[in-house]
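Reading through the structure tokens given below for one structure.
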There are 2 protein chains.
Amino acid sequence: MIDENLLLNHGARKVVFSKGDQLFREGESANNFYQVASGEIKMNNYNEDGKEFIQGIFSIGQSFGEPPLLANVKYPANAEAISDAEVFQLSKDQFLELLSSNPKVHLKITETLAKRLHYKAIMVSEISSQEPEHRILRIIDYLKQINKVEGKFTYRLDLTRQQLADLTGLRVETVIRATKSLEKKGEVQIKKRKVFR
Amino acid sequence: MIDENLLLNHGARKVVFSKGDQLFREGESANNFYQVASGEIKMNNYNEDGKEFIQGIFSIGQSFGEPPLLANVKYPANAEAISDAEVFQLSKDQFLELLSSNPKVHLKITETLAKRLHYKAIMVSEISSQEPEHRILRIIDYLKQINKVEGKFTYRLDLTRQQLADLTGLRVETVIRATKSLEKKGEVQIKKRKVFR
DNA sequence: CCGGTTTTATGATCTCGATCATATCTTCTC
DNA sequence: GAGAAGATATGATCGAGATCATAAAACCGG
């Protein structure tokens with residue numbers, strides 16, 4: 001997260017999006033740095049028959065879409081507003097200028113990329129070789145830890161079954177059945193349809 | 001890739017590994033920065049029943065295992081020498097010192113992370129929702145482009161079918177059948193068992 | 001609080017890639 | 001150049017998760 005004033009001082013604009021709007025699409029060149037000011041943005045892919053895969057969900061303070069900016073490649077996924085949202089937008093040049101003039105911010109960004117790489121390394125391994133229940137527990141535990149929640153059944157997963165499916169590469173029905181099975185095994189609790197862990 | 005002398009000036013040691021040696025394991029804390037001097041290193045995971053997933057293969061000049069260093073997390077995968085190899089090794093503190101005293105190197109590392117994130121975003125989406133042939137073509141095209149090869153059937157894929165399987169989350173037999181099918185379709189050529197694209 | 005949308009739920013069936021078994025071809029080693 | 005180890009090849013069978021169909025519960029905007 002980059003300080004709001006620092007962003008504005010470097011020329012950032014606050015842009016407003018409505019739920020469902022696309023900010024950019026897979027295959028486009030990256031021209032801007034983005035940081036969420038309010039609401040939620042997801043990055044996703046669709047395969048030929050419309051199946052969605054969610055690369056990540058970003059909320060207040062989180063930036064997204066930087067890698068293509070830094071690696072000079074095309075966007076590997078779309079960005080779409082999950083809810084109405086406001087986003088700080090900074091041009092590529094301004095962003096790079098900010099980085100070079102501000103080593104601490106640069107290090108922070110590097111750290112963010114490193115964390116995301118860690119998440120992706122976990123997910124790609126899980127998706128490639130683990131069973132549905134394992135994958136689901138893994139992502140829940142990851143999110144719980146990210147949100148610094150501790151203690152049994154104190155973390156409430158704030159995702160729909162469909163989102164959980166799209167994050168783990170499964171189908172809704174499979175996620176529903178797997179979470180129920182996990183509840184039976186005492187791995188999670190389900191209260192009012194919400195998953196606790 | 002960080003300049004060899006710069007690494008040595010900051011206290012790097014050159015360490016020798018034999019084929020099959022493990023440099024670190026999944027779950028361990030990250031204490032060192034690594035850059036390949038010769039040979040090849042792979043990072044991988046094994047699931048409960050021994051199935052391997054290869055996160056990446058690194059050869060001369062490429063660094064690996066930095067994310068946990070920067071994100072302060074445990075290694076998400078093992079590192080293993082594919083062939084006899086030499087590796088520059090630099091302690092975490094020395095590495096961070098190098099970064100802060102050398103903005104250009106820092107930017108280079110950030111760029112490396114961004115590229116790797118791009119690769120992972122592609123792979124995780126492919127593995128989660130694409131068919132074997134699609135996945136295989138995608139990784140071949142990715143490698144071809146990385147190696148800056150152009151022209152039809154000029155790029156020779158230097159991976160065994162097993163490695164290709166472990167990179168794409170498939171089984172050898174499936175990769176063998178899929179590459180043959182791709183050959184029939186004219187998407188790749190197979191000469192002396194090597195795949196060309 | 002009503003009608004519509006979204007989300008969760010559950011049974012039945014199907015399909016693609018995994019698994020198993022076995023063989024051949026190639027490369028490496030002594 | 002014989003024998004072992006590694007890599008590629010190919011057919012047969014199986015099974016987990018996808019797919020299809022349908023329903024009910026929860027939520028939401030006017």
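Ligands are numbered from 1 in the order shown, residues from 1 within each chain, and chains are lettered A, B, ... in the order they appear in the structure tokens.
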Can you pull out every residue within 7 Å of Gln62 of chain A, counting only C-alpha atoms (C1' of nucleotides), but drop anything in the same chain fewer than 4 positions away, and send it as a short mmCIF file (atom, residue, chain, number, x, y, z; two decimals) with N, CA and C atoms, in the first residue's frame?
data_model
loop_
_atom_site.label_atom_id
_atom_site.label_comp_id
_atom_site.auth_asym_id
_atom_site.auth_seq_id
_atom_site.Cartn_x
_atom_site.Cartn_y
_atom_site.Cartn_z
N MET A 1 0.82 -1.21 0.00
CA MET A 1 0.00 0.00 0.00
C MET A 1 0.85 1.26 0.00
N GLN A 35 -4.35 1.26 -7.37
CA GLN A 35 -4.48 0.93 -5.96
C GLN A 35 -5.91 1.21 -5.52
N VAL A 36 -6.51 0.25 -4.84
CA VAL A 36 -7.92 0.36 -4.46
C VAL A 36 -8.12 1.40 -3.36
N PHE A 58 -8.80 -7.91 -4.64
CA PHE A 58 -8.07 -6.81 -4.00
C PHE A 58 -9.02 -5.80 -3.40
#
Could you pull out all residues of segment 9-134 of chain A with a DSSP call of strand (DSSP E or B) and give them as an MDAnalysis selection string?
chainID A and resid 13:17 22:24 29 32:38 41:46 52:58 63:64 74 78:81 85:91
Could you please take those selected residues and save C-alpha atoms as a PDB file, in the first residue's frame?
ATOM      1  CA  ARG A  13      -6.231  10.352 -10.202  1.00  0.00           C
ATOM      2  CA  LYS A  14      -9.108   8.757  -8.354  1.00  0.00           C
ATOM      3  CA  VAL A  15     -11.287   6.852 -10.801  1.00  0.00           C
ATOM      4  CA  VAL A  16     -14.761   5.496 -10.092  1.00  0.00           C
ATOM      5  CA  PHE A  17     -16.071   2.148 -11.327  1.00  0.00           C
ATOM      6  CA  GLN A  22     -13.796  -3.931 -16.457  1.00  0.00           C
ATOM      7  CA  LEU A  23     -10.692  -1.850 -15.794  1.00  0.00           C
ATOM      8  CA  PHE A  24      -8.533  -3.722 -18.267  1.00  0.00           C
ATOM      9  CA  SER A  29      -0.629  -3.519 -22.588  1.00  0.00           C
ATOM     10  CA  ASN A  32      -1.206   2.251 -15.310  1.00  0.00           C
ATOM     11  CA  PHE A  33      -0.584   1.472 -11.702  1.00  0.00           C
ATOM     12  CA  TYR A  34      -3.743   0.840  -9.668  1.00  0.00           C
ATOM     13  CA  GLN A  35      -4.482   0.930  -5.957  1.00  0.00           C
ATOM     14  CA  VAL A  36      -7.919   0.356  -4.465  1.00  0.00           C
ATOM     15  CA  ALA A  37      -9.394   3.302  -2.564  1.00  0.00           C
ATOM     16  CA  SER A  38     -12.764   1.677  -1.854  1.00  0.00           C
ATOM     17  CA  ILE A  41     -11.563  -5.496  -7.628  1.00  0.00           C
ATOM     18  CA  LYS A  42     -10.885  -8.999  -8.893  1.00  0.00           C
ATOM     19  CA  MET A  43      -8.456 -10.183 -11.538  1.00  0.00           C
ATOM     20  CA  ASN A  44      -9.668 -13.140 -13.536  1.00  0.00           C
ATOM     21  CA  ASN A  45      -9.474 -15.279 -16.662  1.00  0.00           C
ATOM     22  CA  TYR A  46     -12.191 -16.938 -18.675  1.00  0.00           C
ATOM     23  CA  GLU A  52     -13.855 -18.273 -14.678  1.00  0.00           C
ATOM     24  CA  PHE A  53     -10.621 -18.424 -12.745  1.00  0.00           C
ATOM     25  CA  ILE A  54      -9.956 -15.727 -10.128  1.00  0.00           C
ATOM     26  CA  GLN A  55      -6.303 -14.747  -9.854  1.00  0.00           C
ATOM     27  CA  GLY A  56      -6.892 -12.526  -6.849  1.00  0.00           C
ATOM     28  CA  ILE A  57      -9.316 -10.230  -5.057  1.00  0.00           C
ATOM     29  CA  PHE A  58      -8.071  -6.813  -4.004  1.00  0.00           C
ATOM     30  CA  SER A  63      -2.472  -2.510  -5.485  1.00  0.00           C
ATOM     31  CA  PHE A  64      -2.832  -4.779  -8.482  1.00  0.00           C
ATOM     32  CA  LYS A  74       0.725  -7.919 -21.551  1.00  0.00           C
ATOM     33  CA  ASN A  78      -8.775  -9.102 -16.716  1.00  0.00           C
ATOM     34  CA  ALA A  79      -9.585  -6.716 -13.872  1.00  0.00           C
ATOM     35  CA  GLU A  80     -13.204  -6.277 -12.893  1.00  0.00           C
ATOM     36  CA  ALA A  81     -15.017  -4.410 -10.148  1.00  0.00           C
ATOM     37  CA  ALA A  85     -15.224   0.915  -6.343  1.00  0.00           C
ATOM     38  CA  GLU A  86     -12.815   3.818  -6.387  1.00  0.00           C
ATOM     39  CA  VAL A  87      -9.290   3.297  -7.608  1.00  0.00           C
ATOM     40  CA  PHE A  88      -6.163   5.433  -7.613  1.00  0.00           C
ATOM     41  CA  GLN A  89      -4.675   5.406 -11.065  1.00  0.00           C
ATOM     42  CA  LEU A  90      -1.117   6.435 -11.873  1.00  0.00           C
ATOM     43  CA  SER A  91       0.552   6.346 -15.275  1.00  0.00           C
TER      44      SER A  91
END
Give me the residues within 12 Å of DT8 of chain D as a count of residues only, counting only C-alpha atoms (C1' of nucleotides) and dropping any in the same chain fewer than 5 places off.
19
If you count only C-alpha atoms (C1' of nucleotides), the residue of B:Thr112, B:Glu28, B:Leu137, B:Ser129 closest to chain D turns out to be B:Ser129
Using only C-alpha atoms (C1' of nucleotides) and a cut-off of 10 Å, which residues of chain C sit close to chain A? Please list them as a ChimeraX atom specification.
/C:7-10
Chain B contacts on chain D, only C-alpha atoms (C1' of nucleotides), 10 Å, as a list in words:
DA7, DT8, DA9 and DT10 of chain D
Would you put the residues from that selection into a file with C-alpha atoms (C1' of nucleotides), as a PDB file, in the first residue's frame?
ATOM      1  C1'  DA D   7      12.698 -42.210 -21.706  1.00  0.00           C
ATOM      2  C1'  DT D   8       9.034 -42.893 -24.884  1.00  0.00           C
ATOM      3  C1'  DA D   9       5.074 -45.538 -26.404  1.00  0.00           C
ATOM      4  C1'  DT D  10       0.438 -47.757 -26.312  1.00  0.00           C
TER       5       DT D  10
END
Could you check which of B:Ala30, B:Leu107, B:Ile2, B:Ala12 is closest to chain A, using only C-alpha atoms?
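Closest to chain A of all the choices is B:Leu107.
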Nearest to Leu170 of chain A: which of D:DG11, D:DG6, D:DG1, D:DG17 is it, counting only C-alpha atoms (C1' of nucleotides)?
D:DG17
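Any residue of chain B with an atom within 6 Å of chain A counts; using only C-alpha atoms, that gives B:Pro67, B:Leu70, B:Ala71, B:Thr110, B:Glu111, B:Ala114, B:Lys115, B:Leu117, B:Val124, B:Ser128, B:Gly169.
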Residue subset to file, keeping C-alpha atoms, as an mmCIF file, in the first residue's frame:
data_model
loop_
_atom_site.group_PDB
_atom_site.id
_atom_site.type_symbol
_atom_site.label_atom_id
_atom_site.label_comp_id
_atom_site.auth_asym_id
_atom_site.auth_seq_id
_atom_site.Cartn_x
_atom_site.Cartn_y
_atom_site.Cartn_z
ATOM 1 C CA PRO B 67 10.362 -14.211 -2.535
ATOM 2 C CA LEU B 70 11.547 -10.478 0.866
ATOM 3 C CA ALA B 71 8.125 -11.513 2.110
ATOM 4 C CA THR B 110 11.677 -6.446 -8.926
ATOM 5 C CA GLU B 111 11.479 -7.006 -12.657
ATOM 6 C CA ALA B 114 7.227 -9.464 -11.936
ATOM 7 C CA LYS B 115 8.160 -11.812 -14.775
ATOM 8 C CA LEU B 117 4.487 -13.631 -11.361
ATOM 9 C CA VAL B 124 -2.299 -21.357 -12.646
ATOM 10 C CA SER B 128 -7.118 -24.759 -13.481
ATOM 11 C CA GLY B 169 0.353 -30.841 -13.646
#
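Taking atom CA of Leu157 of chain B and atom CA of Lys19 of chain B as endpoints, the distance between them is 21.2 Å.
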Please list as a PyMOL selection string every residue within 10 Å of DA16 of chain D, counting only C-alpha atoms (C1' of nucleotides) and excluding residues in the same chain fewer than 4 positions away.
(chain A and resi 131-132) or (chain C and resi 18)
Taking 6 positions as the minimum chain separation for residues in the same chain, which residues sit within 12 Å of DA12 of chain C when counting only C-alpha atoms (C1' of nucleotides)? Answer as a list in words.
DT19, DC20, DA21 and DT22 of chain D
